[in-house]
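*Asks:* This is the content of protein.txt (compact mmCIF, C-alpha atoms):
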# COMPACT_ATOMS: atom_id res chain seq x y z
CA MET K 1 -3.60 -10.63 7.79
CA ILE K 2 -4.46 -6.98 8.43
CA LEU K 3 -2.06 -4.22 7.35
CA VAL K 4 -2.14 -0.87 9.15
CA THR K 5 0.02 1.80 7.54
CA GLY K 6 0.91 4.51 10.03
CA GLY K 7 0.29 1.78 12.59
CA ALA K 8 2.83 3.16 15.06
CA GLY K 9 1.29 6.62 14.86
CA PHE K 10 -1.46 8.14 16.94
CA ILE K 11 -4.70 6.86 15.41
CA GLY K 12 -2.98 3.85 13.86
CA SER K 13 -1.59 2.47 17.13
CA ASN K 14 -4.99 2.82 18.79
CA LEU K 15 -6.53 0.88 15.90
CA VAL K 16 -3.85 -1.82 16.20
CA ALA K 17 -4.63 -2.15 19.93
CA ALA K 18 -8.34 -2.48 19.19
CA LEU K 19 -7.80 -5.06 16.44
CA GLU K 20 -5.67 -7.13 18.81
CA ASN K 21 -8.27 -6.79 21.57
CA GLU K 22 -11.00 -7.96 19.17
CA GLY K 23 -8.92 -10.95 18.06
CA ILE K 24 -8.65 -9.64 14.49
CA GLY K 25 -5.35 -10.43 12.82
CA PRO K 26 -2.54 -11.27 12.52
CA ILE K 27 -1.50 -7.62 12.20
CA ALA K 28 1.36 -6.05 10.28
CA VAL K 29 2.39 -2.42 10.73
CA CYS K 30 3.99 -0.13 8.19
CA ASP K 31 5.60 3.00 9.60
CA HIS K 32 8.71 5.09 10.13
CA LEU K 33 9.89 4.60 13.73
CA GLY K 34 12.95 6.85 13.66
CA ASP K 35 15.10 7.42 16.72
CA GLY K 36 12.44 8.79 19.09
CA ASP K 37 9.85 7.12 21.32
CA LYS K 38 7.28 6.39 18.63
CA TRP K 39 8.01 2.67 18.99
CA ARG K 40 6.42 2.79 22.44
CA ASN K 41 3.01 3.22 20.79
CA ILE K 42 3.18 -0.41 19.61
CA ALA K 43 5.46 -1.87 22.28
CA LYS K 44 2.58 -3.77 23.94
CA ARG K 45 1.26 -5.32 20.74
CA ARG K 46 1.90 -8.73 19.20
CA LEU K 47 2.76 -8.00 15.56
CA GLU K 48 3.39 -10.19 12.55
CA ASP K 49 5.77 -7.67 10.97
CA VAL K 50 6.88 -4.02 11.03
CA VAL K 51 7.68 -2.66 7.57
CA ARG K 52 9.27 0.61 6.45
CA PRO K 53 7.16 2.63 3.98
CA ASP K 54 9.89 2.59 1.34
CA GLU K 55 9.84 -1.23 1.47
CA LEU K 56 6.06 -1.63 1.48
CA MET K 57 5.34 -2.36 -2.18
CA ASP K 58 8.11 -4.97 -2.31
CA TRP K 59 6.72 -6.47 0.90
CA LEU K 60 3.25 -6.67 -0.62
CA ALA K 61 4.65 -8.36 -3.74
CA ALA K 62 5.73 -11.44 -1.80
CA PRO K 63 3.90 -14.46 -3.30
CA ALA K 64 2.58 -15.70 0.05
CA ARG K 65 1.29 -12.29 1.14
CA GLN K 66 -2.44 -12.59 1.80
CA LEU K 67 -4.31 -9.64 3.30
CA THR K 68 -7.98 -9.23 4.11
CA ALA K 69 -7.83 -5.46 4.71
CA VAL K 70 -5.54 -2.46 4.48
CA PHE K 71 -6.10 0.43 6.86
CA HIS K 72 -4.08 3.19 5.23
CA LEU K 73 -3.44 5.79 7.95
CA GLY K 74 0.17 6.61 7.14
CA ALA K 75 0.91 10.12 5.90
CA ILE K 76 2.98 13.22 6.45
CA SER K 77 0.40 14.81 8.73
CA SER K 78 2.13 18.00 9.80
CA THR K 79 0.02 21.03 8.91
CA THR K 80 3.23 23.07 8.65
CA ALA K 81 4.98 20.77 6.12
CA THR K 82 6.45 22.69 3.18
CA ASP K 83 8.15 20.08 0.96
CA ALA K 84 5.39 19.53 -1.61
CA ASP K 85 7.28 16.80 -3.48
CA GLU K 86 7.77 14.76 -0.31
CA VAL K 87 4.17 15.26 0.83
CA LEU K 88 2.77 14.21 -2.55
CA ALA K 89 5.01 11.15 -2.71
CA ASN K 90 3.76 9.99 0.69
CA ASN K 91 0.18 11.22 0.83
CA PHE K 92 -0.90 10.89 -2.80
CA ARG K 93 1.20 8.57 -4.95
CA LEU K 94 1.76 5.89 -2.31
CA SER K 95 -1.98 6.00 -1.59
CA GLN K 96 -2.68 5.47 -5.30
CA GLN K 97 -0.33 2.49 -5.36
CA LEU K 98 -2.07 0.90 -2.38
CA TRP K 99 -5.51 1.56 -3.85
CA ARG K 100 -4.54 -0.16 -7.10
CA TRP K 101 -2.90 -3.08 -5.30
CA CYS K 102 -6.02 -3.62 -3.19
CA GLY K 103 -8.17 -3.45 -6.31
CA ARG K 104 -6.11 -6.13 -8.05
CA GLU K 105 -6.06 -8.38 -5.00
CA GLY K 106 -9.67 -7.82 -3.87
CA VAL K 107 -8.60 -6.43 -0.50
CA ARG K 108 -10.68 -3.99 1.53
CA PHE K 109 -9.20 -0.49 1.61
CA ILE K 110 -10.00 2.00 4.38
CA TYR K 111 -7.97 5.19 4.43
CA ALA K 112 -7.52 8.37 6.43
CA SER K 113 -8.51 11.62 4.82
CA SER K 114 -8.76 14.74 7.00
CA ALA K 115 -11.05 17.59 7.97
CA ALA K 116 -8.17 19.79 6.77
CA VAL K 117 -9.70 19.47 3.28
CA TYR K 118 -12.42 21.95 4.37
CA GLY K 119 -9.99 24.83 4.84
CA ASP K 120 -11.58 27.73 6.71
CA GLY K 121 -15.01 26.11 6.46
CA ALA K 122 -16.39 28.77 4.13
CA HIS K 123 -18.15 26.03 2.15
CA GLY K 124 -19.27 24.06 5.17
CA PHE K 125 -18.24 20.65 6.48
CA ASP K 126 -20.42 18.41 4.35
CA ASP K 127 -18.80 15.16 3.15
CA ASP K 128 -20.43 15.48 -0.26
CA VAL K 129 -18.08 13.89 -2.81
CA SER K 130 -19.70 15.18 -5.97
CA ASP K 131 -17.22 16.77 -8.34
CA ALA K 132 -18.80 20.18 -7.80
CA ALA K 133 -18.60 19.93 -4.00
CA LEU K 134 -15.01 18.71 -4.00
CA GLY K 135 -14.03 21.43 -6.44
CA ARG K 136 -15.27 24.16 -4.08
CA LEU K 137 -13.02 23.14 -1.19
CA ARG K 138 -9.94 25.26 -0.49
CA PRO K 139 -7.54 23.69 2.06
CA LEU K 140 -5.35 26.14 3.97
CA ASN K 141 -2.16 24.06 3.93
CA LEU K 142 -0.18 21.55 1.90
CA TYR K 143 -1.29 18.62 4.05
CA GLY K 144 -4.97 19.43 3.55
CA TRP K 145 -4.49 19.81 -0.19
CA SER K 146 -2.74 16.42 -0.48
CA LYS K 147 -5.68 14.77 1.27
CA LEU K 148 -8.21 16.53 -0.93
CA LEU K 149 -6.22 15.55 -4.02
CA PHE K 150 -6.52 11.87 -3.11
CA ASP K 151 -10.20 12.20 -2.17
CA ARG K 152 -10.91 13.69 -5.59
CA TRP K 153 -8.91 10.93 -7.30
CA VAL K 154 -10.78 8.21 -5.36
CA ALA K 155 -14.15 9.81 -6.10
CA GLY K 156 -13.22 9.90 -9.79
CA GLU K 157 -12.15 6.25 -9.77
CA GLN K 158 -15.37 5.17 -8.07
CA ALA K 159 -17.55 7.30 -10.34
CA ALA K 160 -15.88 5.72 -13.38
CA GLY K 161 -16.33 2.22 -11.97
CA ARG K 162 -12.61 1.55 -11.66
CA GLY K 163 -10.88 -0.03 -8.67
CA ASP K 164 -13.74 -2.17 -7.39
CA ILE K 165 -12.43 -2.61 -3.85
CA PRO K 166 -14.48 -4.20 -1.04
CA ALA K 167 -15.26 -1.65 1.68
CA ALA K 168 -13.31 1.18 0.09
CA ALA K 169 -13.84 4.09 2.46
CA GLY K 170 -12.13 7.39 3.27
CA LEU K 171 -12.47 8.99 6.69
CA ARG K 172 -12.18 12.71 7.29
CA PHE K 173 -11.02 12.83 10.90
CA PHE K 174 -11.67 16.08 12.75
CA ASN K 175 -9.77 17.20 15.92
CA VAL K 176 -8.77 13.85 17.39
CA TYR K 177 -7.38 13.48 20.90
CA GLY K 178 -6.40 10.51 23.06
CA PRO K 179 -3.50 8.28 24.14
CA ASN K 180 -0.38 7.63 22.04
CA GLU K 181 -0.13 11.08 20.48
CA TYR K 182 2.92 12.11 22.51
CA HIS K 183 5.46 11.64 19.69
CA LYS K 184 3.72 14.39 17.69
CA GLY K 185 5.31 17.19 19.72
CA GLY K 186 3.71 20.52 18.88
CA GLN K 187 1.18 18.70 16.65
CA GLN K 188 -0.39 16.96 19.65
CA SER K 189 -3.97 17.77 20.50
CA VAL K 190 -4.55 20.55 23.01
CA VAL K 191 -5.53 18.13 25.80
CA PRO K 192 -2.06 16.85 26.82
CA GLN K 193 -0.59 20.32 26.35
CA LEU K 194 -3.16 21.88 28.68
CA TYR K 195 -2.84 19.01 31.14
CA ARG K 196 0.91 19.54 31.47
CA GLN K 197 0.42 23.29 31.92
CA VAL K 198 -2.17 22.77 34.65
CA ALA K 199 -0.13 20.07 36.39
CA GLU K 200 3.01 22.23 36.40
CA THR K 201 1.63 25.75 36.99
CA GLY K 202 -2.04 25.46 37.93
CA ARG K 203 -2.90 27.58 34.89
CA ALA K 204 -3.69 26.98 31.20
CA ARG K 205 -2.86 29.03 28.10
CA LEU K 206 -5.17 29.45 25.12
CA PHE K 207 -4.83 31.48 21.96
CA ARG K 208 -6.37 34.92 22.03
CA SER K 209 -9.01 35.55 19.35
CA ALA K 210 -7.97 37.89 16.56
CA ARG K 211 -11.57 38.38 15.46
CA PRO K 212 -13.73 41.03 17.14
CA ASP K 213 -16.88 38.90 16.75
CA ILE K 214 -15.37 35.93 18.64
CA ALA K 215 -14.37 36.16 22.30
CA ASP K 216 -11.08 34.80 23.61
CA GLY K 217 -11.47 31.05 24.12
CA ALA K 218 -14.71 30.96 22.10
CA GLN K 219 -12.97 29.53 19.02
CA GLN K 220 -14.68 26.20 18.29
CA ARG K 221 -13.56 22.79 17.10
CA ASP K 222 -15.16 19.39 16.64
CA PHE K 223 -13.12 17.46 19.23
CA VAL K 224 -13.41 13.68 18.83
CA HIS K 225 -11.92 10.97 21.03
CA VAL K 226 -9.66 8.52 19.19
CA ASP K 227 -11.83 5.63 20.40
CA ASP K 228 -14.70 7.00 18.32
CA CYS K 229 -12.44 7.01 15.25
CA VAL K 230 -11.41 3.42 15.95
CA ASN K 231 -15.04 2.37 16.43
CA VAL K 232 -15.90 3.72 12.98
CA MET K 233 -13.01 1.84 11.38
CA LEU K 234 -13.94 -1.42 13.09
CA TRP K 235 -17.54 -0.95 11.96
CA LEU K 236 -16.42 -0.43 8.38
CA TYR K 237 -14.27 -3.56 8.59
CA ARG K 238 -17.32 -5.55 9.69
CA ASN K 239 -19.58 -3.99 7.04
CA PRO K 240 -17.80 -4.62 3.73
CA ALA K 241 -20.69 -3.33 1.63
CA VAL K 242 -20.22 0.23 2.89
CA SER K 243 -18.14 2.52 0.69
CA GLY K 244 -17.68 6.26 0.44
CA ILE K 245 -15.93 9.20 2.08
CA PHE K 246 -17.25 10.07 5.52
CA ASN K 247 -16.69 12.68 8.20
CA VAL K 248 -15.60 11.32 11.58
CA GLY K 249 -16.17 13.76 14.42
CA SER K 250 -18.47 14.26 17.36
CA GLY K 251 -20.89 16.29 15.27
CA GLN K 252 -20.83 19.09 17.84
CA ALA K 253 -18.44 22.05 17.90
CA ARG K 254 -17.15 22.95 21.38
CA THR K 255 -15.10 25.93 22.50
CA PHE K 256 -11.47 25.79 23.59
CA ARG K 257 -12.62 27.28 26.88
CA ALA K 258 -14.94 24.29 27.40
CA LEU K 259 -12.04 21.97 26.61
CA ALA K 260 -9.79 23.74 29.11
CA GLU K 261 -12.51 23.62 31.75
CA ALA K 262 -12.83 19.86 31.20
CA VAL K 263 -9.08 19.50 31.80
CA PHE K 264 -9.31 21.50 35.04
CA GLN K 265 -12.30 19.43 36.15
CA ALA K 266 -10.42 16.19 35.55
CA HIS K 267 -7.44 17.64 37.40
CA GLY K 268 -9.66 18.66 40.33
CA THR K 269 -8.83 22.38 40.29
CA ASP K 270 -10.67 25.60 39.41
CA PRO K 271 -10.10 27.04 35.92
CA GLN K 272 -7.32 29.62 35.63
CA ILE K 273 -6.89 30.57 31.98
CA ASP K 274 -4.45 33.00 30.35
CA PHE K 275 -4.68 34.11 26.73
CA ILE K 276 -1.68 34.52 24.43
CA ASP K 277 -1.37 35.74 20.85
CA THR K 278 -1.72 33.17 18.09
CA PRO K 279 1.75 32.61 16.57
CA ALA K 280 2.22 34.65 13.41
CA ALA K 281 3.30 31.56 11.45
CA ILE K 282 -0.15 29.94 11.76
CA ARG K 283 -2.39 32.99 12.06
CA ALA K 284 -3.40 33.03 8.39
CA GLN K 285 -4.33 29.33 8.52
CA TYR K 286 -6.12 29.39 11.86
CA GLN K 287 -9.62 27.89 11.91
CA TYR K 288 -12.22 29.49 14.18
CA PHE K 289 -14.88 26.83 13.69
CA THR K 290 -15.12 23.19 12.63
CA GLU K 291 -18.08 20.84 12.98
CA ALA K 292 -18.52 17.52 11.22
CA ARG K 293 -21.76 16.76 9.45
CA MET K 294 -22.33 13.15 10.44
CA ASP K 295 -25.58 12.39 8.61
CA ARG K 296 -23.96 10.46 5.73
CA LEU K 297 -22.18 8.07 8.10
CA MET K 298 -25.40 7.67 10.10
CA ALA K 299 -27.37 7.02 6.92
CA ALA K 300 -24.87 4.29 6.03
CA GLY K 301 -25.86 2.51 9.25
CA TYR K 302 -23.36 3.64 11.89
CA ASP K 303 -25.22 4.34 15.13
CA LYS K 304 -22.74 4.08 18.00
CA PRO K 305 -22.99 7.09 20.38
CA VAL K 306 -19.93 9.35 20.52
CA ILE K 307 -17.96 10.00 23.69
CA SER K 308 -18.75 13.41 25.18
CA LEU K 309 -15.92 15.93 25.49
CA GLU K 310 -16.03 15.90 29.30
CA THR K 311 -16.05 12.09 29.50
CA GLY K 312 -13.31 11.74 26.89
CA VAL K 313 -10.99 14.28 28.49
CA THR K 314 -11.47 12.78 31.96
CA ARG K 315 -10.83 9.27 30.69
CA TYR K 316 -7.71 10.38 28.80
CA ILE K 317 -6.25 12.13 31.84
CA GLU K 318 -7.17 9.56 34.50
CA GLU K 319 -6.31 6.44 32.51
CA TYR K 320 -3.23 7.71 30.66
CA LEU K 321 -1.78 11.21 31.19
CA ALA K 322 -1.85 11.02 35.00
CA THR K 323 -0.33 7.53 35.14
CA ALA K 324 3.25 6.26 35.15
CA ASP K 325 2.67 4.58 31.79
CA PRO K 326 0.59 6.79 29.46
CA TYR K 327 0.73 4.40 26.49
CA ARG K 328 -2.16 2.21 25.38
Rewrite the structure from the file as structure tokens, please.
*Replies:*
Amino acid sequence: MILVTGGAGFIGSNLVAALENEGIGPIAVCDHLGDGDKWRNIAKRRLEDVVRPDELMDWLAAPARQLTAVFHLGAISSTTATDADEVLANNFRLSQQLWRWCGREGVRFIYASSAAVYGDGAHGFDDDVSDAALGRLRPLNLYGWSKLLFDRWVAGEQAAGRGDIPAAAGLRFFNVYGPNEYHKGGQQSVVPQLYRQVAETGRARLFRSARPDIADGAQQRDFVHVDDCVNVMLWLYRNPAVSGIFNVGSGQARTFRALAEAVFQAHGTDPQIDFIDTPAAIRAQYQYFTEARMDRLMAAGYDKPVISLETGVTRYIEEYLATADPYR
């Protein structure tokens, strides 16, 4: 059996769909579903079980429970979260518990880290996990810090030779976009937000630059399609000798203007872009540039080409956002 924590979430539900499509399973999902539409992300899947996070360790303790892999994608992922105790309980201590359980049981452990560990990028975007490199990183928010805290703990465990887990790997996802992110509200990627603006008004809104050396719309991110993230996870599942912490992005920073233009192109209209002030609440944490260094993942043997921004945005809009049923 495969366990996917956060399996009803954005990246998790896309992984569950891919596992089912590849005939890998049976699959169990651990997640909070709440009273919204998050359940729709897994409504098309055949699942062995759906477990609440607060019941997970008891569920794993069942004598007949036999897993071959845990994909640990569950977390409090909001970059505006402020309850440090809650974030640490979910993003750090539960992750430690799962790591130790997998070590005892000999189960592969693949988990989601985040590019948020890099903060403003002052020290680059190199997935070097030496103690010195990890110690230089300064995340801009609580979420990023919780992910870095676990990365440092994992690196320490591996350096000390503890927790010998097959295929133990952490993945620092950059700016992911794609189907099944709708439950995230304001934390969705920019693509569906821009698409709705263009569909409703014919115009798109982007944040104005607050830096004199960067033009409006020239802020850059490493935008990566969720299918690329899933492909990396499937590759790791099939290559149990590969361990480490790896960046997962496109490897190429693109501007928000280029992203908006791709949305207009997919919509079949000419770009009409307005610029608005960045909200004061996020201005101090705003990143003007991110770009994943992908050489460590490539050196480990991963060689699948990434989906270009234009292709990914067009596919997302035509196959999901512009349809009656946008769920994968």
*Asks:* Could you jot down the atom CA of K:Cys102 to atom CA of K:Val70 separation for me, Å, one decimal place?
*Replies:* 7.8 Å
*Asks:* Could you jot down the atom CA of K:Ala8 to atom CA of K:Asn41 separation for me, Å, one decimal place?
*Replies:*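 If I compute the distance from atom CA of K:Ala8 to atom CA of K:Asn41, I get 5.7 Å.
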*Asks:* Can you measure atom CA of K:Gly12 to atom CA of K:Lys38 for me? One decimal in Å is fine.
*Replies:*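 Separating atom CA of K:Gly12 from atom CA of K:Lys38 is a distance of 11.6 Å.
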*Asks:* Quick one: of K:Leu149, K:Ile2, K:Ile276, K:Met294, who's nearest to K:Asn247, counting all atoms listed in the file?
*Replies:*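 Of the candidates, the smallest distance to K:Asn247 is held by K:Met294.
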*Asks:* Determine, counting only C-alpha atoms, which protein, DNA and RNA residues have an atom within 12 Å of an atom of stretch 58-66 of chain K; residues of the same chain fewer than 4 positions away are not included. Present the result as a compact mmCIF listing (two decimals) with C-alpha atoms, in the frame of the given file.
*Replies:*
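Everything below was put into result35.txt:
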# COMPACT_ATOMS: atom_id res chain seq x y z
CA MET K 1 -3.60 -10.63 7.79
CA ILE K 2 -4.46 -6.98 8.43
CA LEU K 3 -2.06 -4.22 7.35
CA GLY K 25 -5.35 -10.43 12.82
CA PRO K 26 -2.54 -11.27 12.52
CA ILE K 27 -1.50 -7.62 12.20
CA ALA K 28 1.36 -6.05 10.28
CA VAL K 29 2.39 -2.42 10.73
CA CYS K 30 3.99 -0.13 8.19
CA GLU K 48 3.39 -10.19 12.55
CA ASP K 49 5.77 -7.67 10.97
CA VAL K 50 6.88 -4.02 11.03
CA VAL K 51 7.68 -2.66 7.57
CA ARG K 52 9.27 0.61 6.45
CA PRO K 53 7.16 2.63 3.98
CA ASP K 54 9.89 2.59 1.34
CA VAL K 70 -5.54 -2.46 4.48
CA GLN K 97 -0.33 2.49 -5.36
CA LEU K 98 -2.07 0.90 -2.38
CA TRP K 101 -2.90 -3.08 -5.30
CA CYS K 102 -6.02 -3.62 -3.19
CA ARG K 104 -6.11 -6.13 -8.05
CA GLU K 105 -6.06 -8.38 -5.00
CA GLY K 106 -9.67 -7.82 -3.87
CA VAL K 107 -8.60 -6.43 -0.50
CA ARG K 108 -10.68 -3.99 1.53
*Asks:* Let me make sure I understand: among K:Ile76, K:Ala284, K:Ile307, K:Val232, which one has the smallest atom-to-atom distance to K:Asp120 if we use only C-alpha atoms?
*Replies:*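 Comparing K:Ile76, K:Ala284, K:Ile307, K:Val232 against K:Asp120, the winner is K:Ala284.
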*Asks:* Could you build a table of the residues in stretch 256-289 of chain K lying no more than 12 Å from stretch 126-141 of chain K, giving for each the nearest pair of atoms and their separation in Å rounded to one decimal place, using only C-alpha atoms, ordered by chain and ascending residue number, as CSV?
*Replies:*
residue,atom,partner,partner_atom,distance
K:Ala281,CA,K:Asn141,CA,11.9
K:Ile282,CA,K:Asn141,CA,10.0
K:Arg283,CA,K:Leu140,CA,11.0
K:Ala284,CA,K:Leu140,CA,8.4
K:Gln285,CA,K:Leu140,CA,5.6
K:Tyr286,CA,K:Leu140,CA,8.6
K:Gln287,CA,K:Leu140,CA,9.2
*Asks:* Can you tell me, as a PyMOL selection string, what residues are no more than 10 Å from K:Asp151 when counting all atoms listed in the file, ignoring any on the same chain fewer than 2 positions away?
*Replies:* chain K and resi 92+111-114+117+129+134+145-149+153-157+170-172+244-245
*Asks:* Please provide as a ChimeraX atom specification all residues within 9 Å of stretch 309-319 of chain K, with the sequence filter that same-chain residues fewer than 5 positions apart are discarded (counting all atoms listed in the file).
*Replies:* /K:177-179,191-192,195,223-225,250,254,258-259,261-263,265-267,326
*Asks:* Nearest to K:Glu20 among K:Ala84, K:Ile42, K:Leu56, K:Ala300, with distances taken over only C-alpha atoms: which residue is it?
*Replies:*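 Ranked by minimum distance to K:Glu20, first place goes to K:Ile42.
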*Asks:* Identify which of the residues K:Leu94, K:Ile11, K:Leu236, K:Ala168 lies closest to K:Leu297, counting only C-alpha atoms when measuring atom-to-atom distances.
*Replies:*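 Of K:Leu94, K:Ile11, K:Leu236, K:Ala168, the one nearest K:Leu297 is K:Leu236, counting only C-alpha atoms.
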*Asks:* Which is closest to K:Pro279 among K:Ser78, K:Asn14, K:Gln158, K:Ser209, if we use all atoms listed in the file?
*Replies:*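 Closest residue, counting all atoms listed in the file: K:Ser209.
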*Asks:* Identify, on the basis of only C-alpha atoms, every residue whose closest approach to K:Gly124 does not exceed 10 Å; exclude the query and any residue fewer than 4 positions from it along the same chain; express the result as a list of chain:residue names.
*Replies:* K:Tyr118, K:Gly119, K:Asp120, K:Leu137, K:Phe289, K:Thr290, K:Glu291, K:Ala292, K:Arg293
*Asks:* Once you have the residues from the selection above, write them out as an mmCIF file, in the coordinates of the input, restricted to C-alpha atoms.
*Replies:*
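After the write, part09.cif holds the following:
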data_model
loop_
_atom_site.group_PDB
_atom_site.id
_atom_site.type_symbol
_atom_site.label_atom_id
_atom_site.label_comp_id
_atom_site.auth_asym_id
_atom_site.auth_seq_id
_atom_site.Cartn_x
_atom_site.Cartn_y
_atom_site.Cartn_z
ATOM 1 C CA TYR K 118 -12.420 21.950 4.370
ATOM 2 C CA GLY K 119 -9.990 24.830 4.840
ATOM 3 C CA ASP K 120 -11.580 27.730 6.710
ATOM 4 C CA LEU K 137 -13.020 23.140 -1.190
ATOM 5 C CA PHE K 289 -14.880 26.830 13.690
ATOM 6 C CA THR K 290 -15.120 23.190 12.630
ATOM 7 C CA GLU K 291 -18.080 20.840 12.980
ATOM 8 C CA ALA K 292 -18.520 17.520 11.220
ATOM 9 C CA ARG K 293 -21.760 16.760 9.450
#
*Asks:* Scan for residues within 7 Å of the point (-7.2, 24.9, 34.4) in the coordinates of the file, using all atoms listed in the file, and reply as a ChimeraX atom specification.
*Replies:* /K:198,202-204,260-261,263-264,269-273
*Asks:* Please fill the gaps in stretch 241-256 of chain K so it has N, CA and C atoms, and write that as a PDB file, keeping the file's coordinate frame.
*Replies:*
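Dumped everything to rebuild-v1.pdb:
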ATOM      1  N   ALA K 241     -19.899  -3.921   2.716  1.00  0.00           N
ATOM      2  CA  ALA K 241     -20.690  -3.330   1.630  1.00  0.00           C
ATOM      3  C   ALA K 241     -20.674  -1.814   1.647  1.00  0.00           C
ATOM      4  N   VAL K 242     -20.181  -1.230   2.735  1.00  0.00           N
ATOM      5  CA  VAL K 242     -20.220   0.230   2.890  1.00  0.00           C
ATOM      6  C   VAL K 242     -18.994   0.859   2.244  1.00  0.00           C
ATOM      7  N   SER K 243     -19.220   1.774   1.327  1.00  0.00           N
ATOM      8  CA  SER K 243     -18.140   2.520   0.690  1.00  0.00           C
ATOM      9  C   SER K 243     -18.483   3.994   0.693  1.00  0.00           C
ATOM     10  N   GLY K 244     -17.463   4.828   0.510  1.00  0.00           N
ATOM     11  CA  GLY K 244     -17.680   6.260   0.440  1.00  0.00           C
ATOM     12  C   GLY K 244     -16.642   7.013   1.236  1.00  0.00           C
ATOM     13  N   ILE K 245     -16.797   8.323   1.290  1.00  0.00           N
ATOM     14  CA  ILE K 245     -15.930   9.200   2.080  1.00  0.00           C
ATOM     15  C   ILE K 245     -16.799   9.841   3.153  1.00  0.00           C
ATOM     16  N   PHE K 246     -16.410   9.667   4.409  1.00  0.00           N
ATOM     17  CA  PHE K 246     -17.250  10.070   5.520  1.00  0.00           C
ATOM     18  C   PHE K 246     -16.507  10.957   6.520  1.00  0.00           C
ATOM     19  N   ASN K 247     -17.207  11.930   7.067  1.00  0.00           N
ATOM     20  CA  ASN K 247     -16.690  12.680   8.200  1.00  0.00           C
ATOM     21  C   ASN K 247     -16.657  11.788   9.434  1.00  0.00           C
ATOM     22  N   VAL K 248     -15.648  11.999  10.285  1.00  0.00           N
ATOM     23  CA  VAL K 248     -15.600  11.320  11.580  1.00  0.00           C
ATOM     24  C   VAL K 248     -15.289  12.383  12.631  1.00  0.00           C
ATOM     25  N   GLY K 249     -16.307  12.785  13.340  1.00  0.00           N
ATOM     26  CA  GLY K 249     -16.170  13.760  14.420  1.00  0.00           C
ATOM     27  C   GLY K 249     -17.219  13.476  15.471  1.00  0.00           C
ATOM     28  N   SER K 250     -17.402  14.407  16.371  1.00  0.00           N
ATOM     29  CA  SER K 250     -18.470  14.260  17.360  1.00  0.00           C
ATOM     30  C   SER K 250     -19.790  14.794  16.830  1.00  0.00           C
ATOM     31  N   GLY K 251     -19.698  15.648  15.808  1.00  0.00           N
ATOM     32  CA  GLY K 251     -20.890  16.290  15.270  1.00  0.00           C
ATOM     33  C   GLY K 251     -21.308  17.522  16.036  1.00  0.00           C
ATOM     34  N   GLN K 252     -20.494  17.915  17.033  1.00  0.00           N
ATOM     35  CA  GLN K 252     -20.830  19.090  17.840  1.00  0.00           C
ATOM     36  C   GLN K 252     -19.575  19.917  18.104  1.00  0.00           C
ATOM     37  N   ALA K 253     -19.568  21.150  17.637  1.00  0.00           N
ATOM     38  CA  ALA K 253     -18.440  22.050  17.900  1.00  0.00           C
ATOM     39  C   ALA K 253     -18.459  22.481  19.363  1.00  0.00           C
ATOM     40  N   ARG K 254     -17.298  22.495  19.984  1.00  0.00           N
ATOM     41  CA  ARG K 254     -17.150  22.950  21.380  1.00  0.00           C
ATOM     42  C   ARG K 254     -16.031  23.978  21.443  1.00  0.00           C
ATOM     43  N   THR K 255     -16.106  24.874  22.401  1.00  0.00           N
ATOM     44  CA  THR K 255     -15.100  25.930  22.500  1.00  0.00           C
ATOM     45  C   THR K 255     -13.834  25.411  23.178  1.00  0.00           C
ATOM     46  N   PHE K 256     -12.727  26.118  22.902  1.00  0.00           N
ATOM     47  CA  PHE K 256     -11.470  25.790  23.590  1.00  0.00           C
ATOM     48  C   PHE K 256     -11.601  26.058  25.088  1.00  0.00           C
TER      49      PHE K 256
END
